[in-house]
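Okay, structure first, notes after.
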Amino acid sequence: MNHDFQSFDFRCKFGSKYFPYPIFTASGCASSGKELSQFFPLNEIGAVVTNSIALKPRSGRATPSMAETPSGMLNSIGLQGPGIDQFLEDDIPWLLSHNSRVVVSISGETVEEYASLARRLRVVPGLSGIEVNISCPNVENRGMVFACDPVASRAVVEAVRRNIGGELPIIVKLSPDVTDIVAIAGEVISAGADGLALINTLLGMAIDIDAQRPKLAGKTGGLSGPAIRPVAVRAIYQVHAAFRNTPILGMGGVTNGRDALELIMAGASAVSIGTANFGNPSAPIKVKEELEVLLKERGFNSVNDAVGVAHEK
Amino acid sequence: MNHDFQSFDFRCKFGSKYFPYPIFTASGCASSGKELSQFFPLNEIGAVVTNSIALKPRSGRATPSMAETPSGMLNSIGLQGPGIDQFLEDDIPWLLSHNSRVVVSISGETVEEYASLARRLRVVPGLSGIEVNISCPNVENRGMVFACDPVASRAVVEAVRRNIGGELPIIVKLSPDVTDIVAIAGEVISAGADGLALINTLLGMAIDIDAQRPKLAGKTGGLSGPAIRPVAVRAIYQVHAAFRNTPILGMGGVTNGRDALELIMAGASAVSIGTANFGNPSAPIKVKEELEVLLKERGFNSVNDAVGVAHEK
Amino acid sequence: MTAINRRATQSDVEIISNKKVGAYHHMVFAAGAMAAYAKPGNFVAISVGGPSSSMILRRAFAIYRASDRGQYGGTIELVVAPHGQGSRWLTSLDIHDRVNMVGPLGTHFGIPTEPVSALLVGGGYGSAPLFGLAEILKERGCRVDMLLGASVAGKIYAPLEGKRSVNSLTITTEDGSTGLSGKVTDVLPSLIEKNRTEIIYSCGPMGMLAAVQEVSQKFDTLHQCAVEESMACGIGICMTCVLPVRDESGVIKMTRSCIDGPVMDGERVIWNSHRRIPEGTWGA
Amino acid sequence: MTAINRRATQSDVEIISNKKVGAYHHMVFAAGAMAAYAKPGNFVAISVGGPSSSMILRRAFAIYRASDRGQYGGTIELVVAPHGQGSRWLTSLDIHDRVNMVGPLGTHFGIPTEPVSALLVGGGYGSAPLFGLAEILKERGCRVDMLLGASVAGKIYAPLEGKRSVNSLTITTEDGSTGLSGKVTDVLPSLIEKNRTEIIYSCGPMGMLAAVQEVSQKFDTLHQCAVEESMACGIGICMTCVLPVRDESGVIKMTRSCIDGPVMDGERVIWNSHRRIPEGTWGA
Ligand SMILES: Cc1cc2nc3c(=O)[nH]c(=O)nc-3n(C[C@H](O)[C@H](O)[C@H](O)COP(=O)(O)OP(=O)(O)OC[C@H]3O[C@@H](n4cnc5c(N)ncnc54)[C@H](O)[C@@H]3O)c2cc1C
Ligand SMILES: Cc1cc2nc3c(=O)[nH]c(=O)nc-3n(C[C@H](O)[C@H](O)[C@H](O)COP(=O)(O)OP(=O)(O)OC[C@H]3O[C@@H](n4cnc5c(N)ncnc54)[C@H](O)[C@@H]3O)c2cc1C
Ligand SMILES: Cc1cc2nc3c(=O)[nH]c(=O)nc-3n(C[C@H](O)[C@H](O)[C@H](O)COP(=O)(O)O)c2cc1C
Ligand SMILES: Cc1cc2nc3c(=O)[nH]c(=O)nc-3n(C[C@H](O)[C@H](O)[C@H](O)COP(=O)(O)O)c2cc1C
Ligand code: FES
Ligand code: FES
């Protein structure tokens, strides 16, 4: 097939916002963007998704906070960051001045913290979206992770929705560590999510058999990288099958264009690159370029036409 | 340290049964043992855990039922097997006549099927244990996997316990695809499990971007191999922390002695070798030999002394 | 059968030659005793990617030739298409590199006790096991015709010394770049008629084998084919390589192609059953 | 600083030499322009394991030498200990093999503007970046003494041409197999006194650096050390390499050792904080 004369539509859409490319960075895997800008112009990708930002400064967890595993890694960074005030002062202006589209990831320990973060972001001009990381321990409920509890998940999303106003799309990021991810997705969609981010890391652990204790100071950590891609594809496929109209930002072990297309065919409207950035700082641009070639080779005129096609055969 | 004069105790114990070595095969990854016996004597390992056997013959699922993934694989074998009658006639006598210790894995679609299987096995002499695979769809509850539902899990184990009599240890195999594996473990222990097998495969999927459909004919499959080891270690650690007195048969991505020791230090009393057999038919014996060296190097006089040591530091 | 090849062993073997031939690599391994027991149709399973590989499963390769004497002791030769990650890694290895090999595995082609007229049909690298078979058939006094097909000329594997052992060699390519233009099944009927073929031996992609079986059935010839299902273990323990096969008593069972194959009776295989279990299969 | 080395680039570089030296491999890479910007203390990050590797993270290596002229254009030299999977893979490569390298990364050793008396302390392969530093210090008219320690003789990396650029070289090994028997910190005080050391530069295991800082503090010398935390990215985006460091205003912050290090002011680092966040850390 010859599509040379047709224009190729690489856009994706979450809520009311269009993004020119369907490749984003993954939260926590691009710091606040500055460092990667040395390897490619940030406006060449769909958006930078920032590290999850909390209300207050956070030191994160002690080292070692990283362990390599087969085709993956564990991390227990624990959301190190400067807190929302300094973040809005330093990082956001820098990103916007470099023409980067910005999706701010937020994390809280109570429903009220999420609400406060939403109120702070509501008044910031130039943002493209908000990603709500609900894989955080809920201090009001014995530290149980919000994303593992449908009621708490719903409460967070309702609070953010109420406080963010109408413009900014809300993408809610789910954990795969649940019995029924479709049920959680249903709750957060009905609570007002414009899109879903799938998947966060899997809870894992590695043990140092010489020191005879967990490798990570924080004992458990989040498993990411190519090892978890089959779980990501499955979660995206299941959720897309149930909620065709809710766009999904897919992630989990994407390192090249083929991986990205796998997530897209499963139902993702766009794809975030996380751990792959550590192995290859130009991964997002590489994935984007490869994806464009793969889509065109297969006769797609837009990335949107490829979203979820694996459901049809 | 010099431990040459001390005898090394390599035994492990489930219920009332001792096994001379803490290395087993994993269900579904050694067929019924015959094939592996060409690469090592089966009585050189703790036990052969058979493929999960159902009441009736099962054709399994259509091919492709396998896809390699980074440091892992997906399978959707679907418990192909001859049914309990032919199994007891052919496979069990062969294994027993070759001095292999045998743990029979059973699977059912209803609680009553598990009960019937237990009744059949109760009268078979020479068995060393029964592994109850509850990662099977429950036809009486919309196909929801037993292992994902605490009530159904309990019902299965109670039924098996009632029907098996007092002798044969019951090892219940759990799925990691749940929000709270410790809660499920608690249910099956209080229902009468003598031990737990952790972990079964993770639900995953891979998509063929050329055919634009799932690679597996059965769409989803179980993810196994080194990719999932961090999830196995975490699950074992969590469950051992909660139930120190219940022995765990650990599995998930073990390919060498170091991996096995990792699971043991997390809390496993013995370790099953699954996917690694496909890449290396002498994997169980290799793991066993390496494990013995590693334990002795670290001054352990028995494998039991190493169980769960990572909890103490 | 339903038992692993009792000659199978596992060992680290050295590569003693690796040459590009058309689209393929002809590779020779110093396989020691393993070579002595290899028969045409058998295969080997090789670990790929090295010690820190993300590829955890073995790759199966049909044995092209095996010889149990010579400078290096026993040798096993393979014809490898650099297709995906694993085969590209294998073909990129140098002389003296070592790989872990399990073999010989699976069933082998049955040799008729009488001298018959045999037609050997190969698709792509599927020709590999047919040359050793041709030699044996010739020794038994058979007439041996060979028919090889591929998409393009570079994918026809037919070395000179191999050609010597056949009475006739016909080649087809889909793009006509060498031999006749078309598929093997286009010329198969006329070859059967001309050579009064009594048995067909085939090896190649599953679609080709199914088509050969159709023709074979029409002419009522015997047909032994070497199937190629994806295999995770190659030794009968994973059940990923099954395909529906009718047994002696007529029951269709999902059968392991690694131990009850790869060589199977074409008539017994239920063809075109990809992605579904045929109705009436035992246990379905 | 808190910004990635602005000279950092990513490219595939060719190995032009790989020689075993004691317990290490001395490796030379044709790194082109990357070499021109490398300063003592900087490091590079290399992908390991090849295209189908299960190792997804880069490995960091201190630059031993960099030269921007010569037969191969710019070259970067490393001293690599074949320790685990990744470094064993790297050291097993042949000449002409290529690896993907990002560099130069991180901070470099600060060079005093006046000629001072400097003592360079290296543990194991930690001596690597010190030789290039010694040359520069000598050019600036400094007195340069060097103290190298390791567990055994084979782990002392001290090539002949390197030794030439120092005023004195002291070696300690824990087993006494070469040089003095003991640890570097056993002889450090006497060397400082004898040479009237004004600044210490150190590179080696974290435990050694902490011990050097203690001595340095006692003698009130300056101390620049190159720390070695495990790093997943090397470019400041993963936060796995943080350690607690007191900033100019006295606040302790978890600081990335890949971009605000590896070279840090020894006095600012909160030592012995493995597996815990020190009290009073910002955001703790
Ligand atoms: C009995 C048998 C004999 C074979 N003989 C030869 C031979 O002589 N020469 C040769 O070049 N190849 C042969 N193959 C195919 C070979 O085993 C590999 O599948 C092929 O080299 C592709 O592997 P890869 O790692 O390069 O590709 P990848 O795409 O990376 O393979 C990924 C996975 O898919 C499986 N797979 C992919 N394609 C096939 C296929 N067509 N058949 C089976 N499994 C597949 C692989 O086993 C692997 O698990 C044979 C296969 C079988 C089963
Ligand atoms: C700034 C810096 C400079 C370094 N310079 C050198 C050098 O000049 N020569 C040299 O031989 N090595 C150096 N290292 C160590 C090197 O990066 C590798 O960690 C080491 O080679 C072990 O990797 P491996 O893959 O062989 O071992 P593995 O045990 O397989 O490594 C597994 C993981 O642990 C991490 N890791 C293990 N040990 C260490 C360690 N001691 N420090 C940091 N991370 C570790 C690795 O990065 C990897 O992610 C340096 C590390 C850093 C951070
Ligand atoms: C070091 C690291 C830090 C992360 N931090 C965050 C975070 O702050 N917020 C969040 O929502 N996800 C975080 N994640 C999860 C990633 O955004 C992503 O969901 C996950 O890693 C799967 O994608 P990947 O395999 O491409 O990395 C982090 C992951 C890693 C590896
Ligand atoms: C091909 C295949 C078939 C399996 N069949 C079964 C089975 O019949 N019953 C069962 O309980 N687990 C089955 N499993 C799961 C394994 O027993 C094991 O729990 C899992 O694969 C994790 O271990 P591993 O990574 O060592 O393979 C199967 C796994 C594979 C790969
Ligand atoms: S390939 Fe494993 S049973 Fe055939
Ligand atoms: S190594 Fe990633 S931030 Fe320093």
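The chains in the structure tokens are called A, B, ... from first to last as shown; in each chain the residues are counted from 1, and the ligands are counted from 1 in the order shown.
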Using only C-alpha atoms and all ligand atoms, find each residue in chain A having at least one atom no more than 12 Å away from ligand 6; report its shortest atom-to-atom pair and that distance in Å (one decimal), rows by chain then rising number, as a tab-separated table.
```
residue	atom	partner	partner_atom_place_in_ligand_line	distance
A:Gly28	CA	ligand 6	3 (S)	10.3
A:Cys29	CA	ligand 6	2 (Fe)	8.9
A:Ala30	CA	ligand 6	3 (S)	9.3
A:Ser31	CA	ligand 6	3 (S)	8.1
A:Ser32	CA	ligand 6	3 (S)	11.4
A:Glu35	CA	ligand 6	3 (S)	9.6
A:Leu36	CA	ligand 6	3 (S)	11.5
A:Thr63	CA	ligand 6	4 (Fe)	11.8
A:Pro64	CA	ligand 6	1 (S)	11.7
A:Ser65	CA	ligand 6	2 (Fe)	10.9
A:Met66	CA	ligand 6	1 (S)	9.8
A:Asn75	CA	ligand 6	2 (Fe)	11.2
A:Ile77	CA	ligand 6	3 (S)	10.4
A:Gln80	CA	ligand 6	3 (S)	11.2
A:Thr275	CA	ligand 6	2 (Fe)	10.5
A:Asn277	CA	ligand 6	2 (Fe)	9.8
A:Phe278	CA	ligand 6	2 (Fe)	7.0
A:Gly279	CA	ligand 6	2 (Fe)	10.1
A:Asn280	CA	ligand 6	2 (Fe)	11.8
A:Pro281	CA	ligand 6	2 (Fe)	10.8
```
So that I can check the secondary structure, give me every residue of region 159-205 of chain D assigned helix (DSSP H, G or I) by backbone DSSP, as a ChimeraX atom specification.
/D:160-163,184-195
Export, as a PDB file, in the first residue's frame, the selected residues with C-alpha atoms.
```pdb
ATOM      1  CA  LEU D 160      54.216   2.043  35.381  1.00  0.00           C
ATOM      2  CA  GLU D 161      53.468   5.185  33.405  1.00  0.00           C
ATOM      3  CA  GLY D 162      51.011   6.217  36.109  1.00  0.00           C
ATOM      4  CA  LYS D 163      53.590   5.875  38.847  1.00  0.00           C
ATOM      5  CA  VAL D 184      45.127   2.813  53.665  1.00  0.00           C
ATOM      6  CA  THR D 185      43.870   4.553  56.772  1.00  0.00           C
ATOM      7  CA  ASP D 186      46.617   2.908  58.833  1.00  0.00           C
ATOM      8  CA  VAL D 187      49.295   4.918  57.022  1.00  0.00           C
ATOM      9  CA  LEU D 188      47.202   7.932  56.040  1.00  0.00           C
ATOM     10  CA  PRO D 189      48.008  10.060  59.149  1.00  0.00           C
ATOM     11  CA  SER D 190      51.757   9.601  58.829  1.00  0.00           C
ATOM     12  CA  LEU D 191      51.662  10.427  55.113  1.00  0.00           C
ATOM     13  CA  ILE D 192      49.656  13.590  55.739  1.00  0.00           C
ATOM     14  CA  GLU D 193      52.134  14.683  58.364  1.00  0.00           C
ATOM     15  CA  LYS D 194      55.201  13.806  56.351  1.00  0.00           C
ATOM     16  CA  ASN D 195      54.015  15.461  53.132  1.00  0.00           C
TER      17      ASN D 195
END
```
Let me have all residues with an atom within 8 Å of ligand 2, counting only C-alpha atoms and all ligand atoms, laid out as a ChimeraX atom specification.
/A:66-68 /D:24,42-45,48,55,57-64,78-89,125-126,128-129,205,226-232,234,241,257-258,261-262
Based on only C-alpha atoms, which of the residues in chain D come within 7 Å of chain A? I want them as a ChimeraX atom specification.
/D:3-4,47,54-58,232-233,235-240,254,274-277,281-284
Please provide the set of residues having any atom within 10 Å of Pro214 (chain B), restricted to only C-alpha atoms, with same-chain residues fewer than 2 positions apart removed, written as a PyMOL selection string.
(chain A and resi 233-234+237+262+265-266+310-311+313) or (chain B and resi 64+205-209+211-212+216-220)
Using only C-alpha atoms, which of the listed residues (C:Leu209, C:Leu148, C:Ala23, C:Ala158) sits closest to Ile171 (chain C)?
C:Leu148
